[in-house]
2 protein chains.
Amino acid sequence: MTPEACTLTLQSLPLFQGFPAEVMKELASKTTVSKHPKGHMLFQHGDTIKHLHIVTHGWVKVSRLTEEGDEAVLDVLTAPHPLQIMDAIAAPAWGATATVAEDAGFFSLPINLFKATLNEHPHLALGLLQTTAKMHQSLQRELEGRTLQKTDQRVGCFLLRLVPNPGDTHPATLTLPYDKTLLAARLGMQPETFSRALGNLKRELGITIQGHTLTIPNLKSLQAYTCSACSGTYPCIRSTQKA
Amino acid sequence: MTPEACTLTLQSLPLFQGFPAEVMKELASKTTVSKHPKGHMLFQHGDTIKHLHIVTHGWVKVSRLTEEGDEAVLDVLTAPHPLQIMDAIAAPAWGATATVAEDAGFFSLPINLFKATLNEHPHLALGLLQTTAKMHQSLQRELEGRTLQKTDQRVGCFLLRLVPNPGDTHPATLTLPYDKTLLAARLGMQPETFSRALGNLKRELGITIQGHTLTIPNLKSLQAYTCSACSGTYPCIRSTQKA
DNA sequence: CGAGGGTTTGAAGTGCATCAAATAGTGTGG
DNA sequence: CCACACTATTTGATGCACTTCAAACCCTCG
């Protein structure tokens with residue numbers, strides 16, 4: 001990627017809204033571009049933070065592991081999201097582990113440079129606050145869902161947020177973005193439970209499933225089934241709007 | 001409260017670390033002090049946010065309600081925490097409901113003034129970023145706990161974080177900060193389940209319970225019982241350090 | 001003392017996890 | 001292009017953790 005292209009791409013990120021052109025050029029010149037295949041671990045819980053990583057394509061699992069080997073998936077991110085930016089800002093070490101879930105590309109910029117830039121141009125922190133505040137809201141919504149929704153509803157809710165045009169009435173078609181096993185973990189349930197939940201939605205609401213593609217014949221009925229246990233109103237916050 | 005006292009108290013809040021004295025004086029002059037009894041609702045999901053409220057004493061429940069009347073408790077806050085600062089900052093607001101859980105006092109400053117101050121002194125946003133980042137980490141830890149820990153372990157974990165001197169070996173005594181019913185909701189379980197969990201800890205680990213006071217004979221064994229399902233190491237992030 | 005909410009205890013039901021095994025899907029080398 | 005190995009997914013059977021419903025108990029406060 002040419003430096004100019006890199007600058008442009010960086011600049012388009014919500015994270016860097018409001019950053020002046022000359023600052024972006026400086027940041028871009030120190031930015032590394034990389035690709036990693038599925039399964040690659042980017043960093044893990046406890047590692048010293050050296051870079052701020054931003055996903056440019058693919059999917060990345062952010063999780064925490066216990067001594068006993070259990071895993072809690074905190075999020076699964078795609079472009080244009082930064083990885084654990086809260087840790088990068090606040091902590092000396094990563095608070096989670098990041099693993100590539102689907103072949104992914106990254107921009108990585110030295111965390112010191114990023115922090116220095118923020119210090120030199122403190123008004124940029126205001127934009128960053130917006131970004132982080134949205135992430136926090138999203139996480140609160142997640143906690144609410146875990147508390148109040150049954151597994152079927154969590155799955156339905158996730159599907160609704162994948163629908164390309166929520167406004168449309170009538171059949172919606174969508175593609176599951178990554179492995180069903182990971183989807184299950186992302187939603188805090190076992191793969192078997194996820195599979196059965198999809199089965200229930202199929203039976204109850206006529207949803208069609210072919211591999212990773214599925215069709216929802218009636219969005220309204222899925223909303224009725226799903227959103228009754230949620231405090232928001234559809235179309236609610238969508239994962240791709242998070243940052 | 002005298003204006004001077006108010007200024008001093010405001011200034012001591014982590015939220016306002018680094019705010020210059022003259023700015024604090026200005027903020028304090030516009031700050032309202034109030035008290036509300038248990039049960040009072042401060043604001044609810046959907047209300048326009050006009051003030052930034054900061055708890056000065058007592059406890060406040062932050063929750064979201066569904067149409068069906070179910071409630072998800074997102075947090076229970078005490079001094080010196082601000083209420084829903086993320087919502088105050090981010091647009092559009094996501095919002096939650098805040099209810100006084102134990103008689104509480106507040107500082108309230110007009111949100112516009114707060115935002116204007118941030119804009120005028122953008123470097124203050126850097127400190128705010130630190131605060132919000134810690135809140136986010138804390139919420140991630142909560143989500144991990146809900147995913148990986150059994151109810152007994154969640155209760156034990158909560159108790160450990162209430163211990164006054166985590167370093168001490170030998171019997172620790174602590175007081176539950178608010179109703180057991182609310183505690184249960186805060187930990188994402190039913191009151192009955194919470195009660196039984198305490199009973200289990202009593203039986204398994206010799207914890208003594210007298211009303212809202214309890215004694216833990218051996219912190220190490222409680223840690224072993226509780227923290228094995230958690231990715232952190234005790235003493236982990238404590239609720240009172242959150243902001 | 002009596003009323004009402006907070007808390008505990010018991011019994012029964014349910015949702016999800018777990019274990020086990022079959023099936024579908026994917027990539028490999030022949 | 002096929003056979004194989006390996007993984008992802010589905011399906012079934014069983015068990016357990018937690019919820020739900022019900023009732024007793026306790027505690028505070030008027």
# chains A, B, ... in the order shown; residues from 1 in each chain; ligands from 1

$ closest_atom_pairs --of "chain B" --to "chain A" --cutoff "6 Å" --atoms "only C-alpha atoms" --output "CSV"
residue,atom,partner,partner_atom,distance
B:Leu65,CA,A:Ser231,CA,5.6
B:Thr66,CA,A:Ser231,CA,4.2
B:Ala72,CA,A:Glu144,CA,5.7
B:Met86,CA,A:Ala133,CA,4.9
B:Ala90,CA,A:Gln130,CA,5.2
B:Pro122,CA,A:His123,CA,4.8
B:His123,CA,A:Pro122,CA,4.7
B:Ala125,CA,A:Ala125,CA,5.7
B:Leu126,CA,A:Ala125,CA,6.0
B:Gln130,CA,A:Ala90,CA,5.5
B:Ala133,CA,A:Met86,CA,4.8
B:His136,CA,A:His136,CA,6.0
B:Glu144,CA,A:Ala72,CA,5.7
B:Ala229,CA,A:Thr66,CA,6.0
B:Cys230,CA,A:Thr66,CA,5.4
B:Ser231,CA,A:Thr66,CA,4.3

$ select_by_dssp --residues "region 28-184 of chain B" --states "alpha helix (DSSP H)" --output "PyMOL selection string"
chain B and resi 28-29+85-89+111-120+123-148+151-160+180-184

$ atom_distance --atom1 "CA of Ala101 (chain B)" --atom2 "CA of Ala184 (chain B)"
13.2 Å

$ closest_atom_pairs --of "chain C" --to "chain B" --cutoff "12 Å" --atoms "only C-alpha atoms (C1' of nucleotides)" --output "JSON lines"
{"residue": "C:DG5", "atom": "C1'", "partner": "B:Thr181", "partner_atom": "CA", "distance": 11.2}
{"residue": "C:DG6", "atom": "C1'", "partner": "B:Thr181", "partner_atom": "CA", "distance": 7.8}
{"residue": "C:DT7", "atom": "C1'", "partner": "B:Ser195", "partner_atom": "CA", "distance": 7.7}
{"residue": "C:DT8", "atom": "C1'", "partner": "B:Ser195", "partner_atom": "CA", "distance": 7.1}
{"residue": "C:DT9", "atom": "C1'", "partner": "B:Glu192", "partner_atom": "CA", "distance": 9.0}
{"residue": "C:DG10", "atom": "C1'", "partner": "B:Glu192", "partner_atom": "CA", "distance": 11.2}

$ interface_residues --of "chain D" --to "chain B" --cutoff "12 Å" --atoms "only C-alpha atoms (C1' of nucleotides)" --output "VMD selection string"
chain D and resid 16 to 21 26 to 27

$ write_last_selection --atoms "C-alpha atoms (C1' of nucleotides)" --output "PDB file, in the first residue's frame"
ATOM      1  C1'  DC D  16     -27.384 -29.977  36.512  1.00  0.00           C
ATOM      2  C1'  DA D  17     -27.856 -25.028  37.678  1.00  0.00           C
ATOM      3  C1'  DC D  18     -30.767 -21.825  38.046  1.00  0.00           C
ATOM      4  C1'  DT D  19     -35.497 -20.099  37.951  1.00  0.00           C
ATOM      5  C1'  DT D  20     -40.096 -20.138  39.383  1.00  0.00           C
ATOM      6  C1'  DC D  21     -43.701 -20.663  42.539  1.00  0.00           C
ATOM      7  C1'  DC D  26     -37.527 -12.427  60.205  1.00  0.00           C
ATOM      8  C1'  DC D  27     -36.834  -7.741  60.901  1.00  0.00           C
TER       9       DC D  27
END

$ atom_distance --atom1 "C1' of DT7 (chain D)" --atom2 "CA of Thr56 (chain A)"
27.4 Å

$ closest_residue --among "A:Asp152, A:Thr117, A:Glu102, A:Phe43" --to "DC16 (chain C)" --atoms "only C-alpha atoms (C1' of nucleotides)"
A:Asp152

$ closest_residue --among "A:His51, A:Val155, A:Phe107, A:His212" --to "DG25 (chain C)" --atoms "only C-alpha atoms (C1' of nucleotides)"
A:His212

$ select_by_dssp --residues "region 82-156 of chain B" --states "strand (DSSP E)" --output "PyMOL selection string"
chain B and resi 97-110
